[in-house]
Amino acid sequence: MRPRGAASGVLVLAAVFAVLQLANVTGRDTPDTKNYLSYALSLTGQSKRAAATATIDYVCASRAERARRDQSVHVVRFHRADPTAEVTAECREQERAVVEPRLAAGQTGGHTVPYMPERFMRIFEARPGYPAFLVPFVLAFGVTWGLWAAGVVIACAGGVLVFLVLRTLAVPVPLALTGQALYYVLPCGTTAMRPMTEGLLMALTLAAVWGCALALRAGRPRAGLALVGGSLLALFTVKHSQALFLGLCLAAAGGVTALRRHRRRERGRGGPAPREVLALA
């Protein structure tokens with residue numbers, strides 16, 4: 001397949017995946033979402049109360065959407081009234097009961113809204129990478145569509161990186177496109193779409209792997225090492241524990257690879273093996 005055809009295939013797969021995600025614009029939040037979202041909103045300049053209100057509205061809308069979907073496919077309760085309003089009201093009451101007393105008590109330090117004790121909030125305060133990534137999307141599209149668009153960009157980028165890694169390793173284009181498609185349809189794609197750090201973490205990890213492939217297989221060590229270093233630096237702001245672990249693994253793998261190449265060079269300089277000398281004699 002020609003380069004243009006391969007590029008078209010990559011773009012088509014990413015576009016199809018993005019369109020399919022319109023089926024679930026909300027309902028993807030996790031327990032960590034409100035911490036990252038409130039962090040991103042604070043970076044845009046919103047006050048703690050405004051960030052808390054917007055975050056609670058998003059979380060409760062997602063919870064209500066999941067309740068509506070679950071009821072629509074329930075074999076017994078599918079014909080009952082839409083639970084959206086009830087679930088939303090109950091969710092807002094529960095979330096505000098947690099946040100309002102802490103805000104009133106003056107717990108307004110840091111960037112995240114106090115949904116939990118300060119000791120746990122420090123975990124999210126040390127991860128500015130993902131909230132900073134969300135800022136332009138939230139400013140451009142609002143909270144709901146901004147988080148959705150950010151998820152689509154992250155997930156599509158992960159699939160494209162899978163294709164690039166495979167092509168750098170000389171995998172045929174059809175198989176590389178299959179790898180990209182599998183990234184989208186397997187749990188990787190679902191996880192990447194969720195508003196939490198894991199999607200961006202996977203994309204940056206794949207970027208580092210691509211850098212390794214460029215350095216070792218494509219004969220582009222400078223570009224590869226620069227990509228690995230940049231990916232690890234960005235990953236450190238997203239989740240420093242994973243960045244340190246990946247950096248140690250890559251350093252160990254690089255050491256083993258360098259040692260093997262050194263031994264091969266030494267063998268090459270040592271001349272022919274004894275059997276080969278006897279044969280020549």
# chains A, B, ... in the order shown; residues from 1 in each chain; ligands from 1
$ select_by_dssp --residues "stretch 44-276 of chain A" --states "alpha helix (DSSP H)" --output "ChimeraX atom specification"
/A:48-72,84-104,118-125,129-168,173-185,187-193,197-216,221-238,240-269,274-276
$ closest_atom_pairs --of "stretch 52-100 of chain A" --to "stretch 43-48 of chain A" --cutoff "10 Å" --atoms "only C-alpha atoms" --output "JSON lines"
{"residue": "A:Ala52", "atom": "CA", "partner": "A:Lys48", "partner_atom": "CA", "distance": 6.0}
{"residue": "A:Thr53", "atom": "CA", "partner": "A:Lys48", "partner_atom": "CA", "distance": 8.6}
{"residue": "A:Ala54", "atom": "CA", "partner": "A:Gln46", "partner_atom": "CA", "distance": 9.9}
$ write_last_selection --atoms "C-alpha atoms" --output "PDB file, in the first residue's frame"
ATOM      1  CA  ALA A  52     -17.456  22.934  42.202  1.00  0.00           C
ATOM      2  CA  THR A  53     -20.819  23.762  40.618  1.00  0.00           C
ATOM      3  CA  ALA A  54     -19.669  22.945  37.084  1.00  0.00           C
TER       4      ALA A  54
END
$ residues_around --residues "stretch 97-104 of chain A" --least-positions-apart "6" --cutoff "8 Å" --atoms "only C-alpha atoms" --output "NGL selection string"
:A and (49 or 52 or 113-115)
$ write_last_selection --atoms "C-alpha atoms" --output "CSV table (one decimal), in the first residue's frame"
chain,number,residue,atom,x,y,z
A,49,ARG,CA,-17.4,27.5,44.0
A,52,ALA,CA,-17.5,22.9,42.2
A,113,VAL,CA,-12.2,21.3,44.8
A,114,PRO,CA,-12.2,19.6,48.3
A,115,TYR,CA,-14.2,16.5,47.5
$ residues_around --residues "A:Ala67" --least-positions-apart "4" --cutoff "12 Å" --atoms "only C-alpha atoms" --output "JSON, numbers by chain"
{"A": [26, 27, 60, 61, 62, 63, 71, 72, 73, 74, 77, 78, 81, 82, 83, 84, 85, 86, 87, 88, 91]}
$ closest_residue --among "A:Gly158, A:Gly230, A:Thr108, A:Arg260" --to "A:Met121" --atoms "only C-alpha atoms"
A:Thr108
$ closest_residue --among "A:Pro174, A:Gly159, A:Gly146, A:Pro131" --to "A:Leu11" --atoms "only C-alpha atoms"
A:Gly159
$ closest_residue --among "A:Glu118, A:Glu65, A:Glu198, A:Asp70" --to "A:Lys239" --atoms "only C-alpha atoms"
A:Glu198
$ atom_distance --atom1 "atom CA of A:Thr191" --atom2 "atom CA of A:Cys156"
12.0 Å
$ atom_distance --atom1 "atom CA of A:Val256" --atom2 "atom CA of A:Cys212"
13.5 Å
$ atom_distance --atom1 "atom CA of A:Val16" --atom2 "atom CA of A:Ile154"
14.7 Å
$ closest_residue --among "A:Ala89, A:Ala14, A:Leu244, A:Val135" --to "A:Leu232" --atoms "only C-alpha atoms"
A:Leu244
$ closest_residue --among "A:Pro221, A:Pro117, A:Gly268, A:Pro136" --to "A:Ala149" --atoms "only C-alpha atoms"
A:Pro136
$ residues_around --residues "A:Leu182" --least-positions-apart "6" --cutoff "10 Å" --atoms "only C-alpha atoms" --output "ChimeraX atom specification"
/A:159,162,176,188-189
$ write_last_selection --atoms "C-alpha atoms" --output "PDB file, in the first residue's frame"
ATOM      1  CA  GLY A 159      -4.364   4.377  17.846  1.00  0.00           C
ATOM      2  CA  VAL A 162       0.158   2.038  17.540  1.00  0.00           C
ATOM      3  CA  ALA A 176      -0.464  -2.044  11.260  1.00  0.00           C
ATOM      4  CA  CYS A 188      -7.736   0.427  25.474  1.00  0.00           C
ATOM      5  CA  GLY A 189     -10.087   2.620  23.464  1.00  0.00           C
TER       6      GLY A 189
END
$ residues_around --residues "A:Glu125" --least-positions-apart "3" --cutoff "9 Å" --atoms "only C-alpha atoms" --output "list in words"
Asn35, Tyr36, Tyr39, Gly110, His111, Thr112, Met121, Arg122 and Pro128 of chain A
$ write_last_selection --atoms "all heavy atoms" --output "short mmCIF file (atom, residue, chain, number, x, y, z; two decimals), in the first residue's frame"
data_model
loop_
_atom_site.label_atom_id
_atom_site.label_comp_id
_atom_site.auth_asym_id
_atom_site.auth_seq_id
_atom_site.Cartn_x
_atom_site.Cartn_y
_atom_site.Cartn_z
N ASN A 35 -11.98 15.46 40.35
CA ASN A 35 -10.74 16.09 40.81
C ASN A 35 -9.97 16.72 39.65
O ASN A 35 -9.51 17.86 39.74
CB ASN A 35 -9.87 15.06 41.53
CG ASN A 35 -10.53 14.50 42.77
OD1 ASN A 35 -10.74 15.20 43.74
ND2 ASN A 35 -10.88 13.23 42.72
N TYR A 36 -9.83 15.96 38.56
CA TYR A 36 -9.11 16.49 37.39
C TYR A 36 -9.88 17.63 36.73
O TYR A 36 -9.28 18.61 36.28
CB TYR A 36 -8.85 15.37 36.39
CG TYR A 36 -7.90 14.33 36.90
CD1 TYR A 36 -8.28 13.00 37.01
CD2 TYR A 36 -6.60 14.66 37.27
CE1 TYR A 36 -7.42 12.03 37.48
CE2 TYR A 36 -5.72 13.70 37.74
CZ TYR A 36 -6.12 12.38 37.84
OH TYR A 36 -5.26 11.43 38.31
N TYR A 39 -9.63 20.78 38.79
CA TYR A 39 -8.27 21.29 38.61
C TYR A 39 -8.19 22.09 37.30
O TYR A 39 -7.67 23.22 37.27
CB TYR A 39 -7.28 20.13 38.59
CG TYR A 39 -5.83 20.48 38.81
CD1 TYR A 39 -5.03 19.69 39.61
CD2 TYR A 39 -5.25 21.60 38.20
CE1 TYR A 39 -3.68 20.00 39.82
CE2 TYR A 39 -3.92 21.91 38.41
CZ TYR A 39 -3.14 21.10 39.22
OH TYR A 39 -1.82 21.41 39.42
N GLY A 110 -4.88 25.07 46.97
CA GLY A 110 -4.63 24.21 45.82
C GLY A 110 -5.56 24.50 44.66
O GLY A 110 -6.27 25.52 44.62
N HIS A 111 -5.58 23.59 43.71
CA HIS A 111 -6.38 23.77 42.50
C HIS A 111 -7.65 22.92 42.50
O HIS A 111 -8.62 23.28 41.83
CB HIS A 111 -5.54 23.40 41.26
CG HIS A 111 -4.41 24.35 41.01
ND1 HIS A 111 -4.59 25.60 40.46
CD2 HIS A 111 -3.08 24.22 41.22
CE1 HIS A 111 -3.42 26.21 40.35
NE2 HIS A 111 -2.49 25.39 40.80
N THR A 112 -7.66 21.80 43.18
CA THR A 112 -8.83 20.92 43.14
C THR A 112 -9.86 21.36 44.17
O THR A 112 -9.54 21.94 45.20
CB THR A 112 -8.42 19.46 43.43
OG1 THR A 112 -7.79 19.40 44.71
CG2 THR A 112 -7.47 18.94 42.37
N MET A 121 -6.10 14.86 48.44
CA MET A 121 -6.10 15.88 47.39
C MET A 121 -4.69 16.15 46.89
O MET A 121 -4.50 16.52 45.73
CB MET A 121 -6.72 17.17 47.93
CG MET A 121 -8.23 17.10 48.12
SD MET A 121 -8.88 18.59 48.91
CE MET A 121 -8.42 19.83 47.71
N ARG A 122 -3.69 15.97 47.75
CA ARG A 122 -2.32 16.21 47.33
C ARG A 122 -1.90 15.28 46.19
O ARG A 122 -1.03 15.62 45.39
CB ARG A 122 -1.37 16.03 48.52
CG ARG A 122 -1.54 17.07 49.61
CD ARG A 122 -0.39 17.03 50.60
NE ARG A 122 -0.67 17.82 51.79
CZ ARG A 122 -1.05 17.30 52.95
NH1 ARG A 122 -1.17 15.99 53.08
NH2 ARG A 122 -1.29 18.08 53.98
N PRO A 128 -0.45 17.80 37.35
CA PRO A 128 -1.03 18.91 36.58
C PRO A 128 -1.13 18.65 35.09
O PRO A 128 -1.78 19.41 34.37
CB PRO A 128 -0.05 20.05 36.85
CG PRO A 128 1.27 19.36 37.03
CD PRO A 128 0.96 18.06 37.74
#
$ residues_around --residues "stretch 246-250 of chain A" --least-positions-apart "2" --cutoff "9 Å" --atoms "only C-alpha atoms" --output "list in words"
Thr205, Val209, Cys212, Leu232, Ser241, Gln242, Ala243, Leu244, Ala252, Ala253, Gly254 and Gly255 of chain A
$ write_last_selection --atoms "N, CA and C atoms" --output "PDB file, in the first residue's frame"
ATOM      1  N   THR A 205       3.050   6.753  26.691  1.00  0.00           N
ATOM      2  CA  THR A 205       3.851   5.528  26.740  1.00  0.00           C
ATOM      3  C   THR A 205       4.099   5.003  25.328  1.00  0.00           C
ATOM      4  N   VAL A 209       7.585   4.383  23.250  1.00  0.00           N
ATOM      5  CA  VAL A 209       7.890   3.133  22.540  1.00  0.00           C
ATOM      6  C   VAL A 209       8.234   3.420  21.084  1.00  0.00           C
ATOM      7  N   CYS A 212      11.726   4.549  20.885  1.00  0.00           N
ATOM      8  CA  CYS A 212      12.660   3.421  20.959  1.00  0.00           C
ATOM      9  C   CYS A 212      12.771   2.730  19.601  1.00  0.00           C
ATOM     10  N   LEU A 232       8.671  11.012  28.329  1.00  0.00           N
ATOM     11  CA  LEU A 232       8.847  10.755  29.760  1.00  0.00           C
ATOM     12  C   LEU A 232       8.663  12.031  30.577  1.00  0.00           C
ATOM     13  N   SER A 241       4.676   8.495  39.094  1.00  0.00           N
ATOM     14  CA  SER A 241       5.052   7.123  39.451  1.00  0.00           C
ATOM     15  C   SER A 241       5.204   6.255  38.208  1.00  0.00           C
ATOM     16  N   GLN A 242       4.293   6.405  37.255  1.00  0.00           N
ATOM     17  CA  GLN A 242       4.371   5.637  36.012  1.00  0.00           C
ATOM     18  C   GLN A 242       5.556   6.093  35.159  1.00  0.00           C
ATOM     19  N   ALA A 243       5.835   7.393  35.176  1.00  0.00           N
ATOM     20  CA  ALA A 243       6.976   7.902  34.408  1.00  0.00           C
ATOM     21  C   ALA A 243       8.287   7.338  34.945  1.00  0.00           C
ATOM     22  N   LEU A 244       8.425   7.303  36.257  1.00  0.00           N
ATOM     23  CA  LEU A 244       9.645   6.750  36.852  1.00  0.00           C
ATOM     24  C   LEU A 244       9.780   5.264  36.545  1.00  0.00           C
ATOM     25  N   ALA A 252      16.828   0.046  31.714  1.00  0.00           N
ATOM     26  CA  ALA A 252      17.317  -1.329  31.828  1.00  0.00           C
ATOM     27  C   ALA A 252      17.369  -2.007  30.464  1.00  0.00           C
ATOM     28  N   ALA A 253      16.311  -1.818  29.673  1.00  0.00           N
ATOM     29  CA  ALA A 253      16.288  -2.415  28.331  1.00  0.00           C
ATOM     30  C   ALA A 253      17.389  -1.822  27.455  1.00  0.00           C
ATOM     31  N   GLY A 254      17.620  -0.512  27.586  1.00  0.00           N
ATOM     32  CA  GLY A 254      18.691   0.106  26.816  1.00  0.00           C
ATOM     33  C   GLY A 254      20.060  -0.406  27.217  1.00  0.00           C
ATOM     34  N   GLY A 255      20.238  -0.646  28.514  1.00  0.00           N
ATOM     35  CA  GLY A 255      21.508  -1.197  28.973  1.00  0.00           C
ATOM     36  C   GLY A 255      21.769  -2.591  28.433  1.00  0.00           C
TER      37      GLY A 255
END
$ decode --residues "stretch 194-267 of chain A" --atoms "C-alpha atoms" --output "CSV table (one decimal), in the first residue's frame"
chain,number,residue,atom,x,y,z
A,194,ARG,CA,-12.7,8.2,30.0
A,195,PRO,CA,-11.9,11.6,31.6
A,196,MET,CA,-8.9,10.5,33.7
A,197,THR,CA,-5.2,10.2,33.3
A,198,GLU,CA,-5.0,6.7,31.9
A,199,GLY,CA,-5.7,7.6,28.3
A,200,LEU,CA,-3.0,10.3,28.1
A,201,LEU,CA,-0.7,7.9,30.0
A,202,MET,CA,-1.1,5.2,27.4
A,203,ALA,CA,-0.6,7.7,24.5
A,204,LEU,CA,2.6,9.0,26.0
A,205,THR,CA,3.9,5.5,26.7
A,206,LEU,CA,3.2,4.6,23.1
A,207,ALA,CA,5.1,7.7,22.0
A,208,ALA,CA,8.1,6.6,24.1
A,209,VAL,CA,7.9,3.1,22.5
A,210,TRP,CA,7.8,4.7,19.1
A,211,GLY,CA,10.9,6.7,20.0
A,212,CYS,CA,12.7,3.4,21.0
A,213,ALA,CA,11.7,1.9,17.6
A,214,LEU,CA,13.0,4.9,15.8
A,215,ALA,CA,16.3,4.7,17.6
A,216,LEU,CA,16.8,1.0,17.3
A,217,ARG,CA,15.1,0.0,14.0
A,218,ALA,CA,14.8,3.1,11.8
A,219,GLY,CA,18.4,4.4,12.2
A,220,ARG,CA,17.2,7.7,13.7
A,221,PRO,CA,18.7,7.7,17.2
A,222,ARG,CA,18.6,11.4,17.8
A,223,ALA,CA,14.9,11.7,16.9
A,224,GLY,CA,14.1,8.6,18.8
A,225,LEU,CA,15.9,9.7,22.0
A,226,ALA,CA,14.4,13.1,21.8
A,227,LEU,CA,10.9,11.6,21.5
A,228,VAL,CA,11.6,9.2,24.5
A,229,GLY,CA,12.9,12.0,26.6
A,230,GLY,CA,10.0,14.4,25.8
A,231,SER,CA,7.4,11.6,26.4
A,232,LEU,CA,8.8,10.8,29.8
A,233,LEU,CA,9.0,14.4,30.8
A,234,ALA,CA,5.3,14.9,29.8
A,235,LEU,CA,4.4,11.7,31.5
A,236,PHE,CA,6.0,12.8,34.7
A,237,THR,CA,3.5,15.7,34.9
A,238,VAL,CA,0.6,13.3,34.2
A,239,LYS,CA,1.6,10.5,36.6
A,240,HIS,CA,5.1,10.7,38.0
A,241,SER,CA,5.1,7.1,39.5
A,242,GLN,CA,4.4,5.6,36.0
A,243,ALA,CA,7.0,7.9,34.4
A,244,LEU,CA,9.6,6.8,36.9
A,245,PHE,CA,8.7,3.1,36.4
A,246,LEU,CA,8.7,3.4,32.6
A,247,GLY,CA,12.0,5.3,32.6
A,248,LEU,CA,13.7,2.6,34.7
A,249,CYS,CA,12.4,-0.1,32.4
A,250,LEU,CA,13.6,1.7,29.3
A,251,ALA,CA,17.0,2.4,30.9
A,252,ALA,CA,17.3,-1.3,31.8
A,253,ALA,CA,16.3,-2.4,28.3
A,254,GLY,CA,18.7,0.1,26.8
A,255,GLY,CA,21.5,-1.2,29.0
A,256,VAL,CA,20.9,-4.8,27.9
A,257,THR,CA,20.7,-3.7,24.2
A,258,ALA,CA,24.0,-1.8,24.5
A,259,LEU,CA,25.7,-4.7,26.2
A,260,ARG,CA,24.6,-7.1,23.5
A,261,ARG,CA,25.8,-4.8,20.7
A,262,HIS,CA,29.1,-4.4,22.5
A,263,ARG,CA,29.6,-8.2,22.7
A,264,ARG,CA,28.8,-8.6,19.0
A,265,ARG,CA,31.4,-6.0,18.2
A,266,GLU,CA,34.0,-7.8,20.3
A,267,ARG,CA,33.2,-11.1,18.6
